[in-house]
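model.cif, holding mmCIF, C-alpha atoms:
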data_upload
loop_
_atom_site.label_atom_id
_atom_site.label_comp_id
_atom_site.auth_asym_id
_atom_site.auth_seq_id
_atom_site.Cartn_x
_atom_site.Cartn_y
_atom_site.Cartn_z
CA MET A 1 0.00 0.00 0.00
CA LYS A 2 1.06 3.58 -0.67
CA PHE A 3 -0.21 6.89 0.68
CA LEU A 4 -0.59 9.99 -1.45
CA CYS A 5 -0.71 13.57 -0.17
CA ILE A 6 -3.39 14.88 -2.51
CA GLU A 7 -2.58 18.50 -1.89
CA CYS A 8 1.09 18.11 -2.86
CA ASP A 9 0.52 15.16 -5.20
CA GLU A 10 3.48 13.47 -3.48
CA GLN A 11 3.83 9.94 -2.21
CA MET A 12 3.99 9.97 1.57
CA HIS A 13 6.84 8.22 3.38
CA PHE A 14 6.45 5.62 6.10
CA GLY A 15 7.30 7.13 9.47
CA GLU A 16 6.65 4.72 12.28
CA ARG A 17 4.49 1.87 13.45
CA GLN A 18 2.87 1.56 16.86
CA LEU A 19 1.27 -1.42 18.52
CA PRO A 20 -0.66 -0.29 21.56
CA GLY A 21 -1.18 -3.90 22.65
CA ASP A 22 -4.94 -4.07 22.15
CA GLY A 23 -4.70 -5.81 18.80
CA THR A 24 -4.84 -2.57 16.85
CA LEU A 25 -2.04 -1.07 14.78
CA ALA A 26 -1.07 2.46 13.82
CA ALA A 27 1.19 3.20 10.88
CA VAL A 28 2.24 6.81 10.39
CA PHE A 29 3.03 8.28 6.97
CA ARG A 30 4.46 11.75 6.28
CA CYS A 31 4.39 13.97 3.21
CA PRO A 32 7.96 14.92 2.25
CA GLU A 33 6.70 18.19 0.74
CA CYS A 34 4.41 19.73 3.31
CA GLY A 35 5.25 17.58 6.32
CA ARG A 36 1.63 16.56 6.89
CA GLU A 37 1.32 13.27 8.75
CA VAL A 38 -1.51 10.77 8.64
CA ALA A 39 -1.95 7.62 10.71
CA MET A 40 -3.49 4.49 9.27
CA LEU A 41 -5.34 2.74 12.08
CA THR A 42 -6.45 -0.85 11.78
CA ASN A 43 -8.93 -2.59 14.06
CA PRO A 44 -8.04 -5.96 15.69
CA MET A 45 -9.70 -7.98 12.95
CA GLU A 46 -7.90 -6.14 10.16
CA THR A 47 -4.60 -6.44 12.03
CA GLN A 48 -5.15 -10.16 12.46
CA VAL A 49 -6.01 -10.74 8.81
CA VAL A 50 -2.63 -9.27 7.85
CA SER A 51 -0.80 -11.09 10.67
CA ALA A 52 -2.41 -14.36 9.58
CA LEU A 53 -0.62 -14.00 6.26
CA GLY A 54 2.70 -13.86 8.13
CA ILE A 55 3.44 -10.41 6.75
CA LYS A 56 4.17 -7.07 8.38
CA ILE A 57 2.58 -3.73 7.51
CA GLY A 58 5.43 -1.26 7.17
CA GLY A 59 7.84 -3.97 6.08
CA ARG A 60 9.87 -6.66 7.78
CA GLU A 61 12.88 -5.50 9.82
CA VAL A 62 14.42 -8.83 10.79
CA PRO A 63 14.26 -12.13 8.91
CA GLU A 64 11.28 -14.37 9.52
CA GLN A 65 12.03 -16.80 12.33
CA PRO A 66 11.29 -20.52 11.93
CA PHE A 67 7.66 -21.23 12.90
CA GLU A 68 7.16 -17.55 13.63
CA LEU A 69 3.50 -17.66 12.71
CA VAL A 70 2.53 -20.84 14.53
CA ARG A 71 4.51 -19.93 17.65
CA GLY A 72 3.08 -16.43 17.72
CA SER A 73 -0.49 -17.56 17.07
CA LEU A 74 -1.05 -20.83 18.91
CA GLU A 75 -2.80 -20.35 22.23
CA GLY A 76 -1.40 -22.47 25.04
CA GLY A 77 1.40 -24.20 23.13
CA ARG A 78 3.24 -26.95 25.01
CA GLU A 79 5.78 -25.89 27.62
CA GLY A 80 9.23 -27.00 26.54
CA ALA A 81 8.16 -27.68 22.96
CA PHE A 82 11.17 -25.85 21.56
CA ALA A 83 14.87 -25.51 22.35
CA ASP A 84 16.06 -22.39 20.53
CA ALA A 85 19.65 -21.86 19.47
CA PRO A 86 21.20 -18.96 21.40
CA ALA A 87 21.52 -15.71 19.52
CA PRO A 88 25.07 -15.07 18.33
CA GLY A 89 26.98 -12.02 19.52
CA PRO A 90 27.70 -10.29 22.80
CA VAL A 91 24.32 -8.88 23.70
CA ARG A 92 23.66 -8.52 27.45
CA TRP A 93 20.25 -8.63 29.11
CA SER A 94 19.52 -6.33 32.04
CA ASP A 95 17.96 -7.93 35.12
CA ALA A 96 14.70 -6.11 34.41
CA ALA A 97 14.69 -7.38 30.81
CA VAL A 98 15.32 -10.93 31.99
CA GLU A 99 12.46 -10.59 34.44
CA ARG A 100 10.14 -9.34 31.74
CA LEU A 101 11.17 -12.08 29.34
CA ALA A 102 10.42 -14.68 32.01
CA VAL A 103 6.70 -13.91 31.83
CA VAL A 104 6.58 -14.68 28.09
CA PRO A 105 5.14 -18.22 27.62
CA SER A 106 7.95 -20.73 27.16
CA PHE A 107 6.37 -21.90 23.88
CA VAL A 108 7.43 -18.64 22.26
CA ARG A 109 10.06 -17.29 24.69
CA GLY A 110 13.16 -18.58 22.90
CA MET A 111 12.03 -17.11 19.59
CA VAL A 112 11.16 -13.76 21.13
CA LYS A 113 14.54 -13.65 22.86
CA ARG A 114 16.25 -14.35 19.57
CA ILE A 115 14.30 -11.61 17.77
CA TYR A 116 15.18 -9.01 20.43
CA ALA A 117 18.84 -10.07 20.37
CA ASP A 118 18.98 -9.82 16.56
CA TYR A 119 17.33 -6.40 16.77
CA ALA A 120 19.89 -5.18 19.32
CA ARG A 121 22.87 -6.63 17.51
CA GLU A 122 21.89 -5.08 14.16
CA ARG A 123 21.67 -1.66 15.81
CA GLY A 124 24.86 -1.92 17.87
CA ILE A 125 22.90 -2.04 21.14
CA ARG A 126 24.98 -3.78 23.82
CA GLU A 127 22.37 -4.24 26.52
CA ILE A 128 18.71 -5.15 26.17
CA THR A 129 16.49 -3.33 28.65
CA PRO A 130 12.69 -3.20 28.90
CA GLU A 131 12.84 0.10 27.00
CA ILE A 132 14.74 -1.57 24.15
CA MET A 133 12.18 -4.38 24.19
CA ASP A 134 9.39 -1.81 23.86
CA ARG A 135 11.15 -0.10 21.00
CA ALA A 136 11.85 -3.39 19.24
CA ARG A 137 8.28 -4.52 19.68
CA THR A 138 7.04 -1.37 17.97
CA ASP A 139 9.71 -1.25 15.28
CA LEU A 140 9.33 -4.90 14.39
CA GLY A 141 5.57 -5.10 14.68
CA LEU A 142 5.65 -7.88 17.26
CA GLU A 143 2.00 -7.89 18.17
CA GLY A 144 1.46 -9.93 21.31
CA MET A 145 5.14 -10.78 21.94
CA MET B 1 -13.79 15.12 -11.07
CA ARG B 2 -10.14 15.43 -10.11
CA ARG B 3 -7.86 12.55 -11.02
CA ILE B 4 -5.98 10.99 -8.12
CA ARG B 5 -2.84 9.19 -9.14
CA THR B 6 -3.05 5.42 -8.84
CA TYR B 7 -0.83 2.99 -6.97
CA ALA B 8 1.00 2.20 -10.20
CA ASP B 9 1.50 5.90 -10.95
CA LEU B 10 3.53 6.39 -7.78
CA GLN B 11 7.14 5.48 -8.45
CA GLY B 12 8.30 5.47 -4.83
CA PRO B 13 8.81 2.18 -3.02
CA ASP B 14 5.99 0.37 -1.28
CA ARG B 15 7.49 0.24 2.18
CA SER B 16 5.27 -2.64 3.32
CA GLY B 17 5.95 -4.62 0.16
CA LEU B 18 3.26 -7.13 1.03
CA ASP B 19 3.51 -8.92 -2.29
CA GLN B 20 7.30 -9.15 -1.94
CA GLN B 21 6.86 -10.58 1.54
CA VAL B 22 4.50 -13.23 0.20
CA GLU B 23 6.90 -13.93 -2.65
CA ALA B 24 9.73 -14.38 -0.13
CA GLN B 25 7.60 -16.92 1.73
CA HIS B 26 7.07 -18.89 -1.48
CA GLU B 27 10.79 -18.78 -2.20
CA ARG B 28 11.50 -20.22 1.25
CA VAL B 29 9.17 -23.12 0.51
CA ALA B 30 10.76 -23.66 -2.89
CA ARG B 31 14.28 -23.70 -1.40
CA ARG B 32 13.27 -26.25 1.21
CA LEU B 33 11.52 -28.48 -1.30
CA GLU B 34 14.59 -28.55 -3.54
CA GLY B 35 15.80 -31.41 -1.35
CA ILE B 36 12.57 -33.39 -1.68
CA GLY B 37 11.88 -35.68 -4.61
CA THR B 38 8.09 -35.97 -4.37
CA VAL B 39 5.44 -34.44 -2.19
CA LEU B 40 2.79 -37.13 -1.96
CA ALA B 41 -0.56 -35.72 -0.85
CA VAL B 42 -2.78 -38.40 0.65
CA THR B 43 -6.33 -37.14 0.36
CA SER B 44 -9.92 -38.26 0.42
CA GLY B 45 -12.44 -35.44 0.32
CA LYS B 46 -14.36 -37.37 2.98
CA GLY B 47 -13.79 -37.90 6.66
CA GLY B 48 -13.72 -41.32 8.29
CA VAL B 49 -12.13 -43.32 5.48
CA GLY B 50 -8.94 -44.04 7.43
CA LYS B 51 -6.79 -41.71 5.37
CA SER B 52 -4.50 -40.64 8.21
CA LEU B 53 -3.70 -44.20 9.19
CA VAL B 54 -3.09 -45.12 5.55
CA ALA B 55 -0.80 -42.08 5.20
CA ALA B 56 1.23 -42.86 8.34
CA THR B 57 1.51 -46.57 7.54
CA LEU B 58 2.41 -45.91 3.93
CA ALA B 59 5.11 -43.40 4.95
CA SER B 60 6.54 -45.95 7.39
CA ALA B 61 6.42 -48.71 4.80
CA LEU B 62 8.24 -46.52 2.26
CA VAL B 63 11.00 -45.79 4.78
CA SER B 64 11.19 -49.51 5.61
CA ARG B 65 11.91 -50.06 1.93
CA GLY B 66 14.96 -47.83 2.08
CA LEU B 67 13.47 -44.55 0.93
CA LYS B 68 14.21 -41.38 2.86
CA GLY B 69 10.82 -40.18 3.96
CA GLY B 70 8.93 -37.56 5.90
CA LEU B 71 5.37 -37.29 7.11
CA LEU B 72 3.68 -33.90 7.35
CA ASP B 73 0.44 -34.10 9.29
CA ALA B 74 -1.52 -31.32 7.61
CA ASP B 75 -4.67 -32.08 9.57
CA LEU B 76 -3.86 -29.19 11.88
CA ASN B 77 -7.04 -29.47 13.93
CA GLY B 78 -7.15 -33.24 14.20
CA PRO B 79 -3.55 -34.42 14.21
CA SER B 80 -2.96 -38.13 14.64
CA ALA B 81 0.34 -39.08 12.98
CA PRO B 82 2.53 -39.02 16.13
CA ALA B 83 0.10 -41.30 17.98
CA PHE B 84 0.05 -43.86 15.16
CA LEU B 85 3.85 -43.84 15.06
CA GLY B 86 4.27 -44.08 18.84
CA LEU B 87 6.10 -40.75 18.90
CA SER B 88 6.26 -38.94 22.21
CA ARG B 89 6.43 -35.16 22.29
CA PRO B 90 10.12 -34.34 22.30
CA THR B 91 11.64 -30.89 22.60
CA LEU B 92 12.14 -29.63 19.06
CA GLU B 93 15.52 -28.11 18.34
CA VAL B 94 15.35 -24.76 16.54
CA THR B 95 18.43 -23.95 14.50
CA ASP B 96 19.18 -21.08 12.12
CA ASP B 97 18.02 -23.40 9.34
CA GLY B 98 14.70 -24.24 10.93
CA VAL B 99 12.96 -26.67 13.25
CA VAL B 100 14.49 -30.13 13.39
CA PRO B 101 11.72 -32.74 13.08
CA PRO B 102 11.69 -35.78 15.34
CA SER B 103 12.10 -39.18 13.71
CA ASP B 104 10.44 -42.46 14.53
CA GLY B 105 12.50 -45.61 15.07
CA ARG B 106 13.10 -46.21 11.38
CA GLY B 107 14.05 -42.66 10.46
CA LEU B 108 10.73 -41.25 9.27
CA ARG B 109 10.79 -37.49 9.95
CA VAL B 110 7.53 -36.13 11.27
CA MET B 111 5.89 -32.77 11.83
CA SER B 112 2.45 -32.28 13.32
CA THR B 113 0.61 -29.73 15.43
CA ASP B 114 0.25 -32.60 17.92
CA LEU B 115 3.94 -32.14 18.74
CA LEU B 116 3.33 -28.51 19.69
CA MET B 117 0.45 -29.08 22.11
CA ASP B 118 -0.17 -30.93 25.34
CA GLU B 119 -1.95 -34.23 24.96
CA ARG B 120 -5.47 -33.07 25.73
CA ALA B 121 -5.17 -29.43 24.69
CA PRO B 122 -7.43 -28.33 21.83
CA LEU B 123 -5.83 -26.43 18.98
CA ARG B 124 -6.81 -22.84 19.59
CA TRP B 125 -5.53 -19.70 17.90
CA ARG B 126 -5.16 -16.41 19.71
CA GLU B 127 -8.36 -14.52 19.04
CA PRO B 128 -8.27 -10.80 18.35
CA GLY B 129 -11.97 -10.56 19.08
CA THR B 130 -14.24 -10.92 16.09
CA GLY B 131 -13.93 -12.08 12.51
CA GLY B 132 -12.34 -15.46 13.18
CA HIS B 133 -14.05 -16.83 10.09
CA LEU B 134 -12.13 -14.30 8.01
CA TRP B 135 -8.61 -14.94 9.25
CA ARG B 136 -8.59 -18.52 10.55
CA SER B 137 -8.18 -20.18 7.16
CA LEU B 138 -5.44 -17.69 6.25
CA LEU B 139 -3.63 -18.51 9.47
CA GLU B 140 -3.90 -22.25 8.93
CA ARG B 141 -2.62 -21.82 5.42
CA GLY B 142 0.36 -19.93 6.89
CA VAL B 143 1.04 -22.66 9.43
CA PHE B 144 0.94 -25.29 6.69
CA ARG B 145 3.39 -23.17 4.71
CA GLU B 146 5.70 -23.00 7.72
CA PHE B 147 5.50 -26.78 8.10
CA LEU B 148 6.78 -27.03 4.53
CA SER B 149 9.40 -24.29 4.63
CA ASP B 150 10.65 -24.14 8.21
CA VAL B 151 11.13 -27.81 9.02
CA VAL B 152 14.61 -29.14 8.38
CA TRP B 153 13.36 -32.00 6.25
CA GLY B 154 16.77 -32.60 4.71
CA ARG B 155 17.03 -34.65 1.55
CA LEU B 156 13.97 -36.84 1.15
CA ASP B 157 12.77 -39.14 -1.58
CA VAL B 158 9.21 -38.53 -0.51
CA LEU B 159 7.32 -36.26 1.85
CA VAL B 160 3.91 -37.77 2.57
CA VAL B 161 1.35 -35.09 3.40
CA ASP B 162 -1.75 -36.22 5.26
CA THR B 163 -4.34 -33.68 4.13
CA PRO B 164 -7.62 -33.11 5.98
CA PRO B 165 -10.94 -33.44 4.12
CA GLY B 166 -11.58 -30.45 1.88
CA PRO B 167 -9.77 -28.94 -1.06
CA GLN B 168 -7.77 -26.24 0.74
CA ARG B 169 -4.48 -28.03 1.45
CA LEU B 170 -4.39 -29.45 -2.07
CA ALA B 171 -4.89 -25.99 -3.52
CA GLU B 172 -2.03 -24.74 -1.37
CA LEU B 173 0.23 -27.58 -2.50
CA LYS B 174 -0.62 -26.71 -6.08
CA GLU B 175 0.46 -23.16 -5.36
CA LEU B 176 3.52 -23.91 -3.21
CA ALA B 177 4.86 -27.13 -4.74
CA PRO B 178 3.30 -27.37 -8.19
CA ASN B 179 5.91 -29.55 -9.84
CA ARG B 180 6.58 -31.99 -7.02
CA THR B 181 3.12 -32.85 -5.81
CA ARG B 182 1.34 -36.04 -6.66
CA VAL B 183 -1.95 -37.10 -5.20
CA LEU B 184 -2.97 -40.44 -3.73
CA GLY B 185 -6.71 -40.74 -3.16
CA VAL B 186 -8.21 -42.82 -0.38
CA THR B 187 -11.80 -44.05 -0.44
CA ILE B 188 -13.91 -46.73 1.18
CA PRO B 189 -16.15 -48.90 -1.02
CA THR B 190 -19.46 -47.10 -0.41
CA SER B 191 -21.28 -44.99 -2.95
CA ALA B 192 -21.31 -42.02 -0.55
CA SER B 193 -17.56 -42.18 -0.38
CA ARG B 194 -17.34 -42.61 -4.14
CA THR B 195 -19.19 -39.37 -4.73
CA ALA B 196 -17.20 -37.32 -2.24
CA VAL B 197 -13.78 -38.72 -3.12
CA GLU B 198 -14.35 -38.56 -6.87
CA ARG B 199 -15.39 -34.91 -6.57
CA SER B 200 -12.34 -34.09 -4.54
CA LEU B 201 -9.93 -35.87 -6.85
CA ARG B 202 -11.55 -34.35 -9.92
CA LEU B 203 -11.02 -30.93 -8.41
CA ALA B 204 -7.36 -31.77 -7.79
CA VAL B 205 -6.89 -32.97 -11.37
CA GLU B 206 -8.69 -29.99 -12.85
CA GLY B 207 -6.48 -27.81 -10.68
CA GLY B 208 -3.47 -29.30 -12.43
CA LEU B 209 -2.26 -31.78 -9.81
CA LEU B 210 -1.06 -35.21 -10.91
CA LEU B 211 -2.92 -38.24 -9.61
CA LEU B 212 -0.72 -41.15 -8.66
CA GLY B 213 -3.64 -43.46 -8.04
CA LEU B 214 -6.25 -44.60 -5.60
CA VAL B 215 -6.48 -46.82 -2.52
CA GLU B 216 -9.65 -48.50 -1.34
CA ASN B 217 -9.54 -48.72 2.43
CA MET B 218 -11.83 -50.89 4.58
CA ALA B 219 -12.25 -53.15 1.56
CA GLY B 220 -13.54 -56.11 3.54
CA TYR B 221 -12.98 -57.23 7.09
CA VAL B 222 -10.22 -59.53 8.35
CA CYS B 223 -11.87 -62.21 10.49
CA PRO B 224 -9.91 -62.38 13.76
CA ALA B 225 -10.52 -66.11 13.99
CA CYS B 226 -9.68 -67.43 10.52
CA ARG B 227 -7.82 -64.35 9.11
CA GLU B 228 -9.86 -64.60 5.92
CA VAL B 229 -11.26 -61.38 4.47
CA GLY B 230 -15.05 -61.16 4.49
CA PRO B 231 -17.43 -58.44 3.31
CA LEU B 232 -17.69 -55.17 5.22
CA HIS B 233 -18.96 -52.18 3.25
CA PRO B 234 -21.12 -52.57 0.14
CA GLY B 235 -20.01 -50.87 -3.06
CA GLU B 236 -17.00 -50.70 -5.33
CA ALA B 237 -15.97 -47.06 -5.09
CA GLY B 238 -12.29 -47.82 -5.68
CA GLU B 239 -12.78 -49.37 -9.10
CA SER B 240 -15.49 -46.90 -10.03
CA ILE B 241 -13.42 -43.79 -9.26
CA ALA B 242 -10.34 -45.30 -10.86
CA ARG B 243 -12.29 -45.92 -14.06
CA ALA B 244 -13.89 -42.50 -14.04
CA LEU B 245 -10.62 -40.66 -13.58
CA GLY B 246 -8.43 -43.00 -15.61
CA THR B 247 -6.14 -43.61 -12.68
CA PRO B 248 -4.97 -46.95 -11.29
CA LEU B 249 -6.48 -48.57 -8.21
CA LEU B 250 -3.18 -49.22 -6.46
CA GLY B 251 -4.41 -51.24 -3.51
CA ARG B 252 -7.30 -52.55 -1.47
CA VAL B 253 -6.77 -52.58 2.29
CA PRO B 254 -9.14 -54.57 4.52
CA PHE B 255 -10.25 -53.44 7.94
CA ASP B 256 -8.13 -55.36 10.41
CA ALA B 257 -8.79 -55.27 14.15
CA GLU B 258 -5.19 -56.30 14.78
CA ALA B 259 -3.94 -53.30 12.79
CA ALA B 260 -6.36 -51.02 14.61
CA ALA B 261 -5.08 -52.28 17.96
CA CYS B 262 -1.48 -51.65 16.86
CA ALA B 263 -2.42 -48.10 15.76
CA GLU B 264 -4.11 -47.53 19.08
CA ARG B 265 -0.91 -48.30 21.01
CA GLY B 266 1.43 -46.65 18.49
CA ASP B 267 2.98 -49.94 17.42
CA MET B 268 3.85 -49.28 13.79
CA GLU B 269 6.09 -52.35 13.64
CA GLY B 270 3.15 -54.55 14.59
CA LEU B 271 0.85 -52.66 12.24
CA LEU B 272 3.15 -53.21 9.28
CA SER B 273 3.19 -56.95 9.91
CA SER B 274 -0.62 -57.19 10.25
CA ARG B 275 -2.75 -58.27 7.30
CA ALA B 276 -3.79 -54.67 6.57
CA GLY B 277 -0.20 -53.50 7.08
CA ARG B 278 1.06 -56.03 4.56
CA GLU B 279 -1.45 -54.73 2.01
CA ILE B 280 -0.17 -51.21 2.62
CA GLY B 281 3.34 -52.62 2.24
CA ARG B 282 2.36 -53.87 -1.23
CA LEU B 283 0.91 -50.44 -1.90
CA ALA B 284 4.25 -48.95 -0.84
CA ASP B 285 6.05 -51.12 -3.40
CA VAL B 286 3.79 -49.80 -6.16
CA VAL B 287 4.01 -46.21 -4.91
CA ALA B 288 7.80 -46.38 -4.67
CA GLU B 289 7.89 -47.56 -8.26
CA GLY B 290 5.50 -44.79 -9.29
CA LEU B 291 7.60 -42.14 -7.59
CA GLY B 292 10.59 -43.10 -9.68
CA SER B 293 8.69 -42.81 -12.94
#
Encoded form (structure tokens):
Amino acid sequence: MKFLCIECDEQMHFGERQLPGDGTLAAVFRCPECGREVAMLTNPMETQVVSALGIKIGGREVPEQPFELVRGSLEGGREGAFADAPAPGPVRWSDAAVERLAVVPSFVRGMVKRIYADYARERGIREITPEIMDRARTDLGLEGM
Amino acid sequence: MRRIRTYADLQGPDRSGLDQQVEAQHERVARRLEGIGTVLAVTSGKGGVGKSLVAATLASALVSRGLKGGLLDADLNGPSAPAFLGLSRPTLEVTDDGVVPPSDGRGLRVMSTDLLMDERAPLRWREPGTGGHLWRSLLERGVFREFLSDVVWGRLDVLVVDTPPGPQRLAELKELAPNRTRVLGVTIPTSASRTAVERSLRLAVEGGLLLLGLVENMAGYVCPACREVGPLHPGEAGESIARALGTPLLGRVPFDAEAAACAERGDMEGLLSSRAGREIGRLADVVAEGLGS
């Protein structure tokens, strides 16, 4: 999808994506000419239809993880179903980040940890904190993770 | 009326690139399937014909004959393959290449939603609220795609796919693995089964999929006392469908209480040596030959 600023007849540029956590999504686009911003807001059903395709509005920032869709979508997956390979590279986790990660269901925890670590490594971030997790969640469009 | 430029008029990039993302998913499937000789879709178009047990037993029999094989349980909501094979629910190793599938005793690689859930847990997707009828089939299609692309199947001669009743998984195989997929139909002798299975197979053929042949399951009943096969269901759906579609009837498998008992306790070794299992073994010989042609 593309957004057009009718007044300037210019294609708007993607600005940011926000996931407030209620199943909705906001994607902000900005006109490079006049600076006007618009937000595309999707309701939970629309967000889910796109998520169900395994695609990300606003583009994909990190490569698709194995079983990303099934692990992110299955309710009550089996504890201990997966043993994820550790993320490469020297990324530290703050105590608060470890604590927050611990409440993620084990079915999906290893994958989520890997995604955050990849996000941090690609941006030269040495330590993952809850704030970094929030930023990654928004940047990567990790609804529900 | 003013003219608003169209999507195609705008030369700037589509940041979301949804079609490119879908294309990338298809490429992942294609790369994974490069190592697989044939994707064999076992299908019926009708529930209750014993298709899943035929699929699991056939996959095991093919591996017993020296082929490298996998079994993808595409019946996401009613998975049964691990139980028939006596597979427990191991921890699945996730590598950079994908999810490593567990193998049964003879090396058959298996993937099933059953491996992802606790024994009695129903398969339930996270609900955003309303509209489940709109997104659920899309999601299940995506999970099936991941089972094809994200499992480290390795090099296989054949990947047997146990498809649930209905045309959806076959349509997806046509889209995702058009040149590797062959279809094996399973029916029981009754006229009701004939109608449903013939319709389903006709749809597959008209959709461009290649039919390998047909199996008639529950073709008679193995007497537990004398081991002779007596009548069970009326009808001759196997021969009728085969004639109508110009495809071979590759085997007739009787209902066998001994085989059913083996399936119940996950004893595939015992199942393969039962009367019904031996018939599926003969089917495996014919299928193996057909895969090479």
**Message:** When you look at Val70 of chain A with a cut-off of 9 Å (counting all atoms listed in the file), what residues show up, excluding the ones that are within fewer than 4 positions of it in the same chain? I need them as a ChimeraX atom specification.
**Reply:** /A:74 /B:125,139-140,142-143,146
**Request:** Step by step, work through what the PyMOL selection byres ((chain A) within 6 of (chain B)) selects in the shown file, and finish by giving those residues as a PyMOL selection string.
**Result:** chain A and resi 2+44-45+49+52+57-59+66-67+70+73-75+77-78+81-85
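In this structure, atom CA of Val161 of chain B sits 6.3 Å away from atom CA of Ala74 of chain B.
Here, the PyMOL selection byres ((chain B and resi 200-213) around 8) matches Ser44, Gly45, Gly166, Pro167, Leu170, Ala171, Lys174, Pro178, Thr181, Arg182, Val183, Leu184, Gly185, Ala196, Val197, Glu198, Arg199, Leu214, Val215, Ala242, Leu245, Thr247, Pro248, Leu249, Leu250, Val287 and Gly290 of chain B.
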**Message:** Take the PyMOL selection byres ((chain A and resi 35) around 12), run it mentally on this structure, and tell me the resulting residues as a PyMOL selection string.
**Reply:** chain A and resi 5+7-8+10-13+15+28-34+36-38
Taking all atoms of segment 64-79 of chain A that the file lists and extending 5 Å past them on each side, where is the centre of the axis-aligned box and how long are its edges? Answer in Å to one decimal, as JSON.
{"center_x": 4.6, "center_y": -20.7, "center_z": 18.6, "size_x": 24.8, "size_y": 22.6, "size_z": 28.1}
**Item:** Separation of atom CA of Met218 of chain B from atom CA of Arg275 of chain B in Å
**Value:** 12.0 Å
